[in-house]
$ cat final.cif   # mmCIF, C-alpha atoms and all ligand atoms
data_input
#
loop_
_atom_site.label_atom_id
_atom_site.label_comp_id
_atom_site.auth_asym_id
_atom_site.auth_seq_id
_atom_site.Cartn_x
_atom_site.Cartn_y
_atom_site.Cartn_z
CA MET A 4 15.68 -34.45 -9.87
CA GLU A 5 16.45 -33.10 -6.39
CA CYS A 6 13.55 -33.01 -3.92
CA PHE A 7 14.51 -32.25 -0.31
CA SER A 8 17.63 -30.42 -1.45
CA ALA A 9 15.87 -28.56 -4.29
CA PRO A 10 16.55 -24.81 -3.97
CA ASP A 11 12.86 -24.06 -3.53
CA PHE A 12 12.07 -26.87 -1.11
CA ASP A 13 12.16 -24.45 1.84
CA ARG A 14 10.86 -26.81 4.55
CA HIS A 15 7.65 -27.87 2.81
CA GLU A 16 5.53 -30.02 5.12
CA GLN A 17 4.33 -32.37 2.42
CA VAL A 18 4.63 -32.79 -1.33
CA VAL A 19 2.38 -35.29 -3.07
CA PHE A 20 2.78 -36.71 -6.57
CA ALA A 21 -0.70 -37.72 -7.76
CA TYR A 22 -1.02 -40.04 -10.74
CA ASP A 23 -3.98 -41.58 -12.51
CA ASP A 24 -3.42 -43.81 -15.49
CA ALA A 25 -6.95 -43.77 -16.88
CA SER A 26 -7.35 -39.98 -17.04
CA GLY A 27 -3.67 -39.15 -17.59
CA LEU A 28 -3.44 -37.10 -14.40
CA ARG A 29 0.09 -36.12 -13.39
CA ALA A 30 -0.17 -33.62 -10.57
CA ILE A 31 2.03 -32.27 -7.79
CA ILE A 32 0.33 -30.98 -4.66
CA ALA A 33 2.66 -28.94 -2.47
CA ILE A 34 1.70 -28.11 1.11
CA HIS A 35 4.14 -25.58 2.44
CA ASP A 36 2.95 -24.62 5.91
CA THR A 37 -0.24 -25.31 7.88
CA THR A 38 0.69 -23.45 11.09
CA LEU A 39 -2.18 -20.99 10.68
CA GLY A 40 -4.69 -23.39 9.13
CA PRO A 41 -5.24 -25.74 6.18
CA ALA A 42 -3.16 -24.98 3.10
CA MET A 43 -5.16 -23.10 0.47
CA GLY A 44 -4.03 -22.20 -3.03
CA GLY A 45 -5.04 -22.52 -6.64
CA CYS A 46 -4.66 -25.41 -9.03
CA ARG A 47 -2.65 -24.57 -12.13
CA ILE A 48 -2.76 -26.66 -15.33
CA TRP A 49 0.27 -25.85 -17.46
CA PRO A 50 2.39 -27.57 -20.15
CA TYR A 51 5.60 -27.52 -18.11
CA ALA A 52 8.80 -28.11 -20.05
CA SER A 53 9.86 -30.73 -17.48
CA GLU A 54 8.74 -32.42 -14.29
CA ALA A 55 11.44 -30.49 -12.45
CA ALA A 56 9.94 -27.21 -13.71
CA ALA A 57 6.50 -28.31 -12.47
CA LEU A 58 7.92 -29.16 -9.04
CA THR A 59 9.73 -25.82 -8.83
CA ASP A 60 6.54 -23.96 -9.72
CA ALA A 61 4.48 -25.89 -7.16
CA LEU A 62 7.05 -25.28 -4.42
CA ARG A 63 7.45 -21.57 -5.15
CA LEU A 64 3.76 -20.92 -5.50
CA SER A 65 2.76 -22.79 -2.33
CA ARG A 66 5.41 -20.98 -0.29
CA GLY A 67 4.13 -17.71 -1.74
CA MET A 68 0.61 -18.60 -0.59
CA THR A 69 1.85 -19.17 2.98
CA TYR A 70 3.31 -15.66 3.06
CA LYS A 71 0.36 -14.03 1.30
CA SER A 72 -2.24 -15.53 3.62
CA ALA A 73 -0.17 -14.94 6.76
CA LEU A 74 0.29 -11.30 5.88
CA ALA A 75 -3.42 -10.92 5.13
CA GLY A 76 -4.20 -12.32 8.58
CA LEU A 77 -6.11 -15.32 7.22
CA PRO A 78 -6.60 -18.58 9.16
CA ILE A 79 -5.04 -20.66 6.38
CA GLY A 80 -1.66 -21.90 5.27
CA GLY A 81 -0.02 -22.11 1.88
CA GLY A 82 -0.40 -24.80 -0.75
CA LYS A 83 -0.66 -25.20 -4.48
CA ALA A 84 -1.47 -27.91 -7.00
CA VAL A 85 0.02 -28.09 -10.47
CA VAL A 86 -1.13 -30.45 -13.20
CA ILE A 87 1.30 -31.17 -16.01
CA GLY A 88 -0.18 -30.71 -19.48
CA ASP A 89 -1.99 -28.33 -21.77
CA ALA A 90 -5.39 -27.55 -20.27
CA LYS A 91 -6.91 -27.33 -23.75
CA HIS A 92 -6.05 -30.98 -24.40
CA ILE A 93 -5.92 -32.80 -21.07
CA LYS A 94 -8.70 -31.19 -19.04
CA THR A 95 -11.52 -33.75 -18.95
CA PRO A 96 -14.17 -34.54 -16.32
CA ALA A 97 -12.22 -37.75 -15.56
CA LEU A 98 -8.98 -35.84 -14.95
CA LEU A 99 -10.70 -33.31 -12.70
CA ALA A 100 -12.36 -36.16 -10.78
CA ALA A 101 -9.02 -37.91 -10.31
CA LEU A 102 -7.50 -34.64 -9.12
CA GLY A 103 -10.40 -34.12 -6.72
CA GLN A 104 -9.89 -37.62 -5.31
CA ALA A 105 -6.18 -36.94 -4.80
CA ILE A 106 -7.09 -33.73 -2.93
CA ASP A 107 -9.73 -35.58 -0.92
CA ARG A 108 -7.18 -38.18 0.21
CA LEU A 109 -5.29 -35.37 1.94
CA GLY A 110 -8.23 -35.07 4.32
CA GLY A 111 -8.52 -31.27 4.24
CA ARG A 112 -4.85 -30.42 4.66
CA TYR A 113 -5.05 -28.80 1.20
CA ILE A 114 -8.00 -26.81 -0.22
CA THR A 115 -7.88 -26.03 -3.91
CA ALA A 116 -9.18 -23.11 -5.97
CA GLU A 117 -8.91 -21.85 -9.53
CA ASP A 118 -5.69 -20.61 -11.09
CA VAL A 119 -4.15 -20.42 -14.55
CA GLY A 120 -5.69 -23.19 -16.68
CA THR A 121 -8.64 -23.82 -14.37
CA SER A 122 -11.99 -22.08 -14.01
CA PRO A 123 -14.82 -21.80 -11.49
CA ALA A 124 -16.67 -24.43 -13.59
CA ASP A 125 -13.72 -26.81 -13.07
CA MET A 126 -13.91 -26.18 -9.33
CA ALA A 127 -17.61 -27.10 -9.43
CA GLN A 128 -16.60 -30.42 -11.09
CA ILE A 129 -13.94 -31.07 -8.45
CA ALA A 130 -16.54 -30.30 -5.76
CA ARG A 131 -18.44 -33.43 -6.85
CA VAL A 132 -15.72 -35.61 -5.36
CA THR A 133 -14.28 -33.50 -2.55
CA ARG A 134 -15.43 -30.73 -0.25
CA PHE A 135 -11.90 -29.35 -0.04
CA VAL A 136 -12.40 -26.86 -2.85
CA THR A 137 -13.34 -23.19 -2.98
CA GLY A 138 -13.73 -20.51 -5.64
CA ILE A 139 -17.34 -21.52 -6.17
CA THR A 140 -20.34 -19.75 -4.72
CA ARG A 141 -22.74 -21.60 -2.47
CA ASP A 142 -25.31 -22.03 -5.24
CA GLY A 143 -22.63 -23.84 -7.23
CA ALA A 144 -22.03 -21.02 -9.71
CA GLY A 145 -18.58 -19.65 -10.48
CA GLY A 146 -17.00 -17.22 -8.06
CA ASP A 147 -14.39 -15.17 -9.87
CA PRO A 148 -11.97 -13.65 -7.31
CA SER A 149 -10.65 -11.05 -9.79
CA PRO A 150 -12.98 -8.18 -8.82
CA TYR A 151 -11.89 -8.66 -5.20
CA THR A 152 -8.23 -8.70 -6.19
CA ALA A 153 -8.79 -5.48 -8.15
CA ARG A 154 -10.50 -3.88 -5.16
CA GLY A 155 -7.57 -4.77 -2.93
CA VAL A 156 -5.06 -3.37 -5.40
CA TYR A 157 -7.09 -0.17 -5.55
CA HIS A 158 -6.85 0.19 -1.76
CA GLY A 159 -3.14 -0.64 -1.94
CA ILE A 160 -2.55 2.10 -4.50
CA ARG A 161 -4.39 4.53 -2.21
CA ALA A 162 -2.02 3.58 0.60
CA ALA A 163 1.07 3.97 -1.57
CA VAL A 164 -0.11 7.38 -2.81
CA ARG A 165 -0.78 8.41 0.79
CA HIS A 166 2.69 7.33 1.92
CA ARG A 167 4.79 8.45 -1.02
CA LEU A 168 2.90 11.49 -2.32
CA GLY A 169 1.10 12.56 0.87
CA ALA A 170 -2.26 12.62 -0.90
CA ASP A 171 -5.53 11.31 0.53
CA THR A 172 -7.26 11.09 -2.82
CA LEU A 173 -6.49 9.61 -6.20
CA ALA A 174 -8.04 12.57 -8.00
CA GLY A 175 -5.56 13.68 -10.65
CA VAL A 176 -3.07 10.93 -9.79
CA HIS A 177 -1.62 9.47 -13.00
CA VAL A 178 -1.56 5.64 -13.12
CA ALA A 179 -0.04 3.57 -15.94
CA VAL A 180 -1.77 0.18 -16.04
CA GLN A 181 -0.14 -2.78 -17.79
CA GLY A 182 -2.57 -5.61 -18.62
CA LEU A 183 -6.32 -5.09 -18.87
CA GLY A 184 -7.58 -8.59 -18.16
CA HIS A 185 -9.83 -9.64 -15.30
CA VAL A 186 -7.98 -7.60 -12.69
CA GLY A 187 -6.49 -4.75 -14.75
CA ALA A 188 -9.80 -3.75 -16.35
CA ALA A 189 -11.67 -3.69 -13.03
CA LEU A 190 -8.81 -1.80 -11.40
CA SER A 191 -8.78 0.78 -14.20
CA GLN A 192 -12.50 1.33 -13.75
CA ALA A 193 -12.08 1.83 -9.97
CA LEU A 194 -9.20 4.26 -10.53
CA PHE A 195 -11.24 6.16 -13.13
CA ASP A 196 -14.18 6.36 -10.70
CA ALA A 197 -11.79 7.84 -8.11
CA GLY A 198 -10.71 10.57 -10.53
CA ALA A 199 -7.30 9.15 -11.51
CA ARG A 200 -5.74 9.88 -14.89
CA LEU A 201 -4.93 6.68 -16.78
CA THR A 202 -2.48 5.45 -19.37
CA LEU A 203 -3.31 1.92 -20.47
CA THR A 204 -1.72 -0.88 -22.42
CA ASP A 205 -2.43 -4.50 -23.34
CA ILE A 206 -1.04 -6.84 -25.99
CA ASP A 207 -4.69 -7.19 -27.02
CA SER A 208 -4.91 -3.78 -28.69
CA ALA A 209 -8.67 -3.99 -29.36
CA ARG A 210 -9.32 -4.62 -25.66
CA CYS A 211 -7.03 -1.74 -24.75
CA GLN A 212 -8.66 0.68 -27.18
CA ALA A 213 -12.19 -0.21 -26.08
CA LEU A 214 -11.40 0.41 -22.39
CA ALA A 215 -9.41 3.56 -23.13
CA THR A 216 -12.31 5.01 -25.08
CA ARG A 217 -14.74 4.21 -22.27
CA LEU A 218 -12.48 5.74 -19.59
CA GLY A 219 -11.07 8.62 -21.64
CA ALA A 220 -7.57 7.18 -21.08
CA ALA A 221 -4.36 7.49 -23.06
CA THR A 222 -2.80 4.34 -24.53
CA VAL A 223 0.76 3.28 -25.29
CA ALA A 224 2.34 0.28 -26.99
CA PRO A 225 2.98 -2.63 -24.55
CA GLU A 226 6.76 -2.19 -24.57
CA ALA A 227 6.45 1.55 -23.78
CA ILE A 228 4.42 1.22 -20.56
CA VAL A 229 7.49 0.97 -18.31
CA GLU A 230 8.73 4.38 -19.42
CA VAL A 231 5.50 6.32 -19.06
CA GLU A 232 6.08 9.31 -16.80
CA ALA A 233 3.39 8.85 -14.15
CA ASP A 234 2.82 8.71 -10.41
CA VAL A 235 2.10 4.98 -10.31
CA PHE A 236 3.01 1.99 -12.48
CA ALA A 237 0.46 -0.80 -11.94
CA PRO A 238 1.67 -4.13 -13.40
CA CYS A 239 -1.38 -6.36 -13.97
CA ALA A 240 -0.06 -8.69 -16.68
CA LEU A 241 2.68 -11.26 -16.18
CA GLY A 242 5.55 -11.59 -13.72
CA ALA A 243 9.13 -10.29 -13.82
CA ILE A 244 8.21 -6.94 -15.38
CA ILE A 245 10.64 -5.26 -12.98
CA ASN A 246 14.04 -6.54 -14.11
CA PRO A 247 17.50 -5.09 -14.78
CA ARG A 248 16.39 -4.05 -18.28
CA THR A 249 13.19 -2.21 -17.24
CA LEU A 250 14.29 -0.78 -13.90
CA PRO A 251 16.37 2.12 -15.31
CA ARG A 252 13.50 3.05 -17.63
CA LEU A 253 10.90 3.54 -14.89
CA ARG A 254 9.73 7.14 -14.46
CA VAL A 255 7.26 6.71 -11.61
CA ALA A 256 7.19 7.27 -7.84
CA ILE A 257 5.32 4.05 -7.07
CA VAL A 258 5.08 0.47 -8.38
CA ALA A 259 1.81 -1.07 -7.19
CA GLY A 260 -0.18 -3.64 -9.14
CA ALA A 261 -1.77 -7.08 -9.18
CA ALA A 262 0.74 -9.23 -11.03
CA ASN A 263 2.38 -12.07 -9.11
CA ASN A 264 6.19 -12.11 -8.93
CA GLN A 265 6.59 -8.60 -10.33
CA LEU A 266 10.27 -8.53 -9.41
CA ALA A 267 12.48 -10.80 -11.53
CA THR A 268 14.59 -11.29 -8.40
CA ASP A 269 14.00 -10.22 -4.81
CA ASP A 270 17.09 -7.98 -4.70
CA LEU A 271 15.31 -5.62 -7.11
CA ALA A 272 13.27 -4.47 -4.11
CA ASN A 273 16.46 -2.81 -2.85
CA ALA A 274 17.18 -1.38 -6.29
CA LEU A 275 13.71 0.20 -6.40
CA ARG A 276 14.29 1.62 -2.93
CA ALA A 277 17.63 3.06 -4.04
CA ARG A 278 15.79 4.87 -6.81
CA ASN A 279 13.22 6.17 -4.28
CA ILE A 280 10.45 4.20 -5.99
CA LEU A 281 7.95 2.89 -3.45
CA TYR A 282 7.18 -0.77 -4.14
CA ALA A 283 3.94 -2.28 -2.85
CA PRO A 284 4.94 -5.95 -2.37
CA ASP A 285 2.91 -8.00 -4.84
CA TYR A 286 1.70 -10.62 -2.42
CA ALA A 287 0.54 -7.95 0.04
CA ILE A 288 -1.38 -5.82 -2.45
CA ASN A 289 -2.96 -8.65 -4.49
CA ALA A 290 -4.42 -10.59 -1.55
CA GLY A 291 -8.04 -9.54 -2.24
CA GLY A 292 -8.78 -12.73 -4.16
CA ILE A 293 -7.49 -15.12 -1.49
CA ILE A 294 -9.31 -13.09 1.18
CA GLN A 295 -12.54 -13.61 -0.74
CA VAL A 296 -12.09 -17.33 -1.50
CA CYS A 297 -11.00 -18.02 2.09
CA HIS A 298 -14.00 -16.26 3.59
CA THR A 299 -16.37 -17.89 1.11
CA TYR A 300 -14.98 -21.31 2.01
CA PHE A 301 -15.48 -20.76 5.73
CA GLY A 302 -18.94 -19.21 5.16
CA ASP A 303 -17.99 -15.77 6.47
CA ASP A 304 -18.79 -13.49 3.51
CA ALA A 305 -19.91 -10.58 5.69
CA THR A 306 -16.41 -9.40 6.54
CA VAL A 307 -14.86 -9.75 3.07
CA ASP A 308 -15.17 -6.10 2.06
CA ALA A 309 -13.72 -4.83 5.33
CA ARG A 310 -10.84 -7.31 5.14
CA ILE A 311 -10.04 -6.24 1.59
CA ALA A 312 -10.22 -2.57 2.55
CA GLY A 313 -7.73 -3.53 5.29
CA ILE A 314 -5.05 -3.93 2.61
CA TYR A 315 -4.76 -0.13 2.89
CA ASP A 316 -3.67 -0.36 6.55
CA THR A 317 -1.51 -3.44 5.94
CA LEU A 318 0.46 -1.56 3.32
CA LEU A 319 0.76 1.65 5.35
CA ASP A 320 2.14 -0.50 8.19
CA LEU A 321 4.65 -2.20 5.87
CA PHE A 322 5.82 1.12 4.42
CA ALA A 323 6.33 2.52 7.93
CA ARG A 324 8.21 -0.61 9.06
CA ALA A 325 10.45 -0.44 5.99
CA ASP A 326 11.28 3.20 6.76
CA THR A 327 11.90 2.59 10.46
CA GLN A 328 13.96 -0.54 9.95
CA ASP A 329 15.75 0.87 6.91
CA ILE A 330 14.89 -2.14 4.73
CA SER A 331 12.99 -2.67 1.49
CA THR A 332 9.22 -2.94 1.58
CA LEU A 333 9.55 -6.55 0.39
CA ALA A 334 11.84 -7.39 3.31
CA ALA A 335 9.35 -5.70 5.64
CA ALA A 336 6.53 -7.84 4.22
CA ASP A 337 8.56 -11.06 4.56
CA ARG A 338 9.42 -10.20 8.18
CA ARG A 339 5.81 -9.40 9.04
CA ALA A 340 4.56 -12.64 7.47
CA ARG A 341 7.17 -14.67 9.39
CA GLU A 342 6.14 -12.93 12.63
CA ARG A 343 2.55 -14.04 12.04
CA LEU A 344 3.72 -17.61 11.40
CA THR A 345 5.68 -17.60 14.62
CA ASN A 346 3.22 -15.78 16.85
CA GLY A 347 -0.06 -16.88 15.25
P1 LIG B 401 -5.77 -12.09 -17.23
O1 LIG B 401 -5.17 -13.21 -17.99
O2 LIG B 401 -7.26 -11.96 -17.17
O3 LIG B 401 -5.21 -10.69 -17.78
C1 LIG B 401 -3.89 -10.45 -18.12
C2 LIG B 401 -3.89 -9.39 -19.20
O4 LIG B 401 -2.55 -9.00 -19.44
C3 LIG B 401 -4.47 -9.86 -20.54
O5 LIG B 401 -5.42 -8.91 -21.00
C4 LIG B 401 -3.24 -9.95 -21.45
O6 LIG B 401 -3.56 -9.68 -22.80
C5 LIG B 401 -2.36 -8.86 -20.86
N1 LIG B 401 -0.95 -9.00 -21.13
C6 LIG B 401 -0.17 -10.12 -21.13
N2 LIG B 401 1.10 -9.81 -21.41
C7 LIG B 401 1.15 -8.47 -21.59
C8 LIG B 401 2.18 -7.54 -21.88
N3 LIG B 401 3.43 -7.94 -22.07
N4 LIG B 401 1.87 -6.24 -21.98
C9 LIG B 401 0.61 -5.82 -21.80
N5 LIG B 401 -0.42 -6.65 -21.51
C10 LIG B 401 -0.16 -7.95 -21.41
O7 LIG B 401 -5.14 -12.18 -15.76
P2 LIG B 401 -5.71 -11.55 -14.43
O8 LIG B 401 -6.58 -12.54 -13.74
O9 LIG B 401 -6.25 -10.18 -14.72
O10 LIG B 401 -4.37 -11.44 -13.54
C11 LIG B 401 -3.41 -10.44 -13.83
C12 LIG B 401 -2.20 -10.64 -12.93
O11 LIG B 401 -2.59 -10.58 -11.57
C13 LIG B 401 -1.50 -12.00 -13.09
O12 LIG B 401 -0.13 -11.84 -12.90
C14 LIG B 401 -2.08 -12.83 -11.96
O13 LIG B 401 -1.19 -13.86 -11.55
C15 LIG B 401 -2.21 -11.77 -10.89
N6 LIG B 401 -3.20 -12.09 -9.87
C16 LIG B 401 -4.50 -12.28 -10.24
C17 LIG B 401 -5.45 -12.58 -9.27
C18 LIG B 401 -6.90 -12.78 -9.63
O14 LIG B 401 -7.76 -12.78 -8.73
N7 LIG B 401 -7.23 -12.91 -10.91
C19 LIG B 401 -5.08 -12.69 -7.91
C20 LIG B 401 -3.73 -12.46 -7.56
C21 LIG B 401 -2.82 -12.16 -8.56
#
$ encode --input "final.cif" --output "structure tokens" --more "lines below"
Ligand code: NAD
Amino acid sequence: MECFSAPDFDRHEQVVFAYDDASGLRAIIAIHDTTLGPAMGGCRIWPYASEAAALTDALRLSRGMTYKSALAGLPIGGGKAVVIGDAKHIKTPALLAALGQAIDRLGGRYITAEDVGTSPADMAQIARVTRFVTGITRDGAGGDPSPYTARGVYHGIRAAVRHRLGADTLAGVHVAVQGLGHVGAALSQALFDAGARLTLTDIDSARCQALATRLGAATVAPEAIVEVEADVFAPCALGAIINPRTLPRLRVAIVAGAANNQLATDDLANALRARNILYAPDYAINAGGIIQVCHTYFGDDATVDARIAGIYDTLLDLFARADTQDISTLAAADRRARERLTNG
């Protein structure tokens, strides 16, 4: 397995392989960049097909966190932890303690939080052995970042509608939402409250129907969501929903949603642009959660709402830069994040 020459290595500062025989812990902690502050990013527990796949995921995700936090103007860098195994089988108090000790040994260079396969309750367990953990409220209860992510996406959609459709309100704007989990359901509610018209889908059809009934929304089968004729497509399920197969089927003016890695490959940002579809870069629009966990960690909750509302201005700025510089919105976001890393 290649390490320094791995395609996704991208100048990581430090990559740690953490092992504990007694609990079965096999974890990779990737610290990408601490220029702006300690690396912060979730801990994912996943049954990776190989150790190489786990390393790739850790490297990609930690790099993504560097860019996301830099763009959001946060005083933190990018990192991520991945634990190899099926959370349902391997997640024990002993494993979480061993993971916490591995994080503690890094002396604060990496601060963990919840991600796929971990929960706020797991973070509370990890907090018994290290203080370098967030995603828990000060009274020790769980702090789910999803409502904050949804709020940020809502503001991002407002910005995209302002830029692309010239409208200051979401009243009557038609949004097709894919995925009605923690973020998608809260986003749909916020859009409904703002007067938007909704078309919803989820592979959990009972969940979809219940929300649609409550919000008076239309529903479509999961595979049909990409061809709904609407103003906005909001992907809030899994990654890679924009790919060469789905791109020609899109009938929207805007793609703006919560899902990470919405584009199967970065060059699709140019393809969206060529079709005059405004793309809100995923890591710019879904930063509400990291804004909240970062501020909670540093004990600065008072400014969270304003910072999340700031996603509106961040996106308007990116859209303007993309227009002026004649580049995709994703390229504009990458450039802006790199500027912050260089200039602080
Ligand atoms: P979740 O697991 O709570 O919800 C995902 C939903 O998508 C589920 O209801 C699932 O049934 C549905 N789904 C899965 N595949 C689908 C498909 N093919 N078609 C339709 N529906 C499908 O996850 P979440 O926390 O709401 O996160 C949603 C997305 O946002 C993920 O990509 C996540 O990485 C990203 N994200 C979440 C946060 C956060 O704070 N939770 C922060 C940043 C990014």
$ residues_around --input "final.cif" --residues "Asp285 in chain A" --least-positions-apart "6" --cutoff "8 Å" --atoms "all atoms listed in the file" --output "PyMOL selection string"
chain A and resi 259-265
$ residues_around --input "final.cif" --residues "Ala340 in chain A" --least-positions-apart "3" --cutoff "8 Å" --atoms "all atoms listed in the file" --output "list in words"
Tyr70, Lys71, Ala73, Leu74, Ala336, Asp337, Arg343 and Leu344 of chain A
$ residues_near_ligand --input "final.cif" --ligand "ligand LIG 401 (chain B)" --cutoff "9 Å" --atoms "all atoms listed in the file" --output "PyMOL selection string"
chain A and resi 118-119+147-153+180-189+203-208+210-211+224-226+228+238-242+244+260-265+285-286+288-293
$ atom_distance --input "final.cif" --atom1 "CA of Ala84 in chain A" --atom2 "CA of Ile48 in chain A"
8.5 Å
$ residues_around --input "final.cif" --residues "Ile280 in chain A" --least-positions-apart "3" --cutoff "10 Å" --atoms "all atoms listed in the file" --output "ChimeraX atom specification"
/A:167,234-235,253-258,272-277,283
$ closest_residue --input "final.cif" --among "A:Pro10, A:Gly120, A:Arg63, A:Thr69" --to "Trp49 in chain A" --atoms "all atoms listed in the file"
A:Gly120
$ atom_distance --input "final.cif" --atom1 "CA of Asp125 in chain A" --atom2 "CA of Leu99 in chain A"
7.2 Å
$ residues_near_point --input "final.cif" --point "(-10.6, -8.3, 1.0)" --cutoff "7 Å" --atoms "only C-alpha atoms" --output "list in words"
Tyr151, Gly155, Gly291, Ile294, Gln295, Val307, Asp308, Ala309, Arg310, Ile311 and Ala312 of chain A
$ closest_residue --input "final.cif" --among "A:Arg161, A:Thr249, A:Thr172, A:Ser331" --to "Leu319 in chain A" --atoms "only C-alpha atoms"
A:Arg161
$ atom_distance --input "final.cif" --atom1 "CA of Ala101 in chain A" --atom2 "CA of Leu28 in chain A"
7.0 Å
$ residues_around --input "final.cif" --residues "Asp60 in chain A" --least-positions-apart "4" --cutoff "12 Å" --atoms "all atoms listed in the file" --output "MDAnalysis selection string"
chainID A and resid 9:12 30:33 46:56 64:67 82:87 264
$ residues_around --input "final.cif" --residues "Leu98 in chain A" --least-positions-apart "5" --cutoff "12 Å" --atoms "all atoms listed in the file" --output "JSON, numbers by chain"
{"A": [21, 22, 23, 24, 25, 26, 27, 28, 29, 30, 48, 86, 87, 88, 90, 92, 93, 103, 104, 105, 125, 128, 129, 132]}
$ closest_residue --input "final.cif" --among "A:Gln328, A:Leu168, A:Ser72, A:Tyr300" --to "Thr115 in chain A" --atoms "all atoms listed in the file"
A:Tyr300
$ closest_residue --input "final.cif" --among "A:Gln192, A:Thr268, A:Thr59, A:Thr37" --to "Phe7 in chain A" --atoms "all atoms listed in the file"
A:Thr59
$ closest_residue --input "final.cif" --among "A:Val164, A:Thr121, A:Tyr282, A:Arg200" --to "Asp89 in chain A" --atoms "only C-alpha atoms"
A:Thr121
$ closest_residue --input "final.cif" --among "A:Cys6, A:Ile314, A:Leu266, A:Ala233" --to "Pro247 in chain A" --atoms "all atoms listed in the file"
A:Leu266
$ decode --input "final.cif" --residues "range 214-270 of chain A" --atoms "C-alpha atoms" --output "PDB file, in the first residue's frame"
ATOM      1  CA  LEU A 214     -43.246  14.193   5.809  1.00  0.00           C
ATOM      2  CA  ALA A 215     -44.978  14.859   2.497  1.00  0.00           C
ATOM      3  CA  THR A 216     -48.375  14.659   4.156  1.00  0.00           C
ATOM      4  CA  ARG A 217     -47.276  17.041   6.911  1.00  0.00           C
ATOM      5  CA  LEU A 218     -45.824  19.577   4.443  1.00  0.00           C
ATOM      6  CA  GLY A 219     -48.370  19.142   1.648  1.00  0.00           C
ATOM      7  CA  ALA A 220     -45.520  18.082  -0.665  1.00  0.00           C
ATOM      8  CA  ALA A 221     -45.449  15.954  -3.796  1.00  0.00           C
ATOM      9  CA  THR A 222     -43.411  12.731  -3.771  1.00  0.00           C
ATOM     10  CA  VAL A 223     -41.549  10.788  -6.444  1.00  0.00           C
ATOM     11  CA  ALA A 224     -39.736   7.461  -6.528  1.00  0.00           C
ATOM     12  CA  PRO A 225     -36.052   7.755  -5.475  1.00  0.00           C
ATOM     13  CA  GLU A 226     -34.704   7.173  -8.993  1.00  0.00           C
ATOM     14  CA  ALA A 227     -36.984   9.891 -10.440  1.00  0.00           C
ATOM     15  CA  ILE A 228     -35.814  12.770  -8.232  1.00  0.00           C
ATOM     16  CA  VAL A 229     -33.008  13.824 -10.592  1.00  0.00           C
ATOM     17  CA  GLU A 230     -35.463  14.487 -13.407  1.00  0.00           C
ATOM     18  CA  VAL A 231     -38.026  16.506 -11.486  1.00  0.00           C
ATOM     19  CA  GLU A 232     -38.561  19.836 -13.225  1.00  0.00           C
ATOM     20  CA  ALA A 233     -37.914  22.316 -10.420  1.00  0.00           C
ATOM     21  CA  ASP A 234     -35.931  25.421  -9.530  1.00  0.00           C
ATOM     22  CA  VAL A 235     -33.606  23.656  -7.101  1.00  0.00           C
ATOM     23  CA  PHE A 236     -32.367  20.093  -6.652  1.00  0.00           C
ATOM     24  CA  ALA A 237     -31.239  19.569  -3.041  1.00  0.00           C
ATOM     25  CA  PRO A 238     -29.224  16.340  -2.628  1.00  0.00           C
ATOM     26  CA  CYS A 239     -29.346  15.324   1.050  1.00  0.00           C
ATOM     27  CA  ALA A 240     -28.690  11.582   0.781  1.00  0.00           C
ATOM     28  CA  LEU A 241     -25.414  10.027  -0.338  1.00  0.00           C
ATOM     29  CA  GLY A 242     -22.524  11.254  -2.460  1.00  0.00           C
ATOM     30  CA  ALA A 243     -21.912  11.113  -6.227  1.00  0.00           C
ATOM     31  CA  ILE A 244     -25.534  11.829  -7.164  1.00  0.00           C
ATOM     32  CA  ILE A 245     -24.255  14.175  -9.882  1.00  0.00           C
ATOM     33  CA  ASN A 246     -22.523  11.848 -12.331  1.00  0.00           C
ATOM     34  CA  PRO A 247     -22.393  11.347 -16.109  1.00  0.00           C
ATOM     35  CA  ARG A 248     -25.595   9.278 -15.946  1.00  0.00           C
ATOM     36  CA  THR A 249     -27.685  11.786 -13.949  1.00  0.00           C
ATOM     37  CA  LEU A 250     -26.296  15.054 -15.301  1.00  0.00           C
ATOM     38  CA  PRO A 251     -28.198  15.009 -18.630  1.00  0.00           C
ATOM     39  CA  ARG A 252     -31.431  14.222 -16.775  1.00  0.00           C
ATOM     40  CA  LEU A 253     -31.348  17.280 -14.496  1.00  0.00           C
ATOM     41  CA  ARG A 254     -34.116  19.811 -15.171  1.00  0.00           C
ATOM     42  CA  VAL A 255     -33.276  22.431 -12.554  1.00  0.00           C
ATOM     43  CA  ALA A 256     -31.549  25.823 -12.424  1.00  0.00           C
ATOM     44  CA  ILE A 257     -29.702  25.128  -9.179  1.00  0.00           C
ATOM     45  CA  VAL A 258     -28.070  22.186  -7.368  1.00  0.00           C
ATOM     46  CA  ALA A 259     -27.757  23.023  -3.668  1.00  0.00           C
ATOM     47  CA  GLY A 260     -27.950  20.470  -0.874  1.00  0.00           C
ATOM     48  CA  ALA A 261     -26.288  18.936   2.163  1.00  0.00           C
ATOM     49  CA  ALA A 262     -24.745  15.736   0.835  1.00  0.00           C
ATOM     50  CA  ASN A 263     -20.960  15.436   0.943  1.00  0.00           C
ATOM     51  CA  ASN A 264     -19.150  14.758  -2.347  1.00  0.00           C
ATOM     52  CA  GLN A 265     -22.212  15.404  -4.510  1.00  0.00           C
ATOM     53  CA  LEU A 266     -20.117  15.416  -7.668  1.00  0.00           C
ATOM     54  CA  ALA A 267     -18.785  11.997  -8.697  1.00  0.00           C
ATOM     55  CA  THR A 268     -15.728  13.841 -10.030  1.00  0.00           C
ATOM     56  CA  ASP A 269     -14.683  17.478  -9.713  1.00  0.00           C
ATOM     57  CA  ASP A 270     -14.821  18.115 -13.473  1.00  0.00           C
TER      58      ASP A 270
END
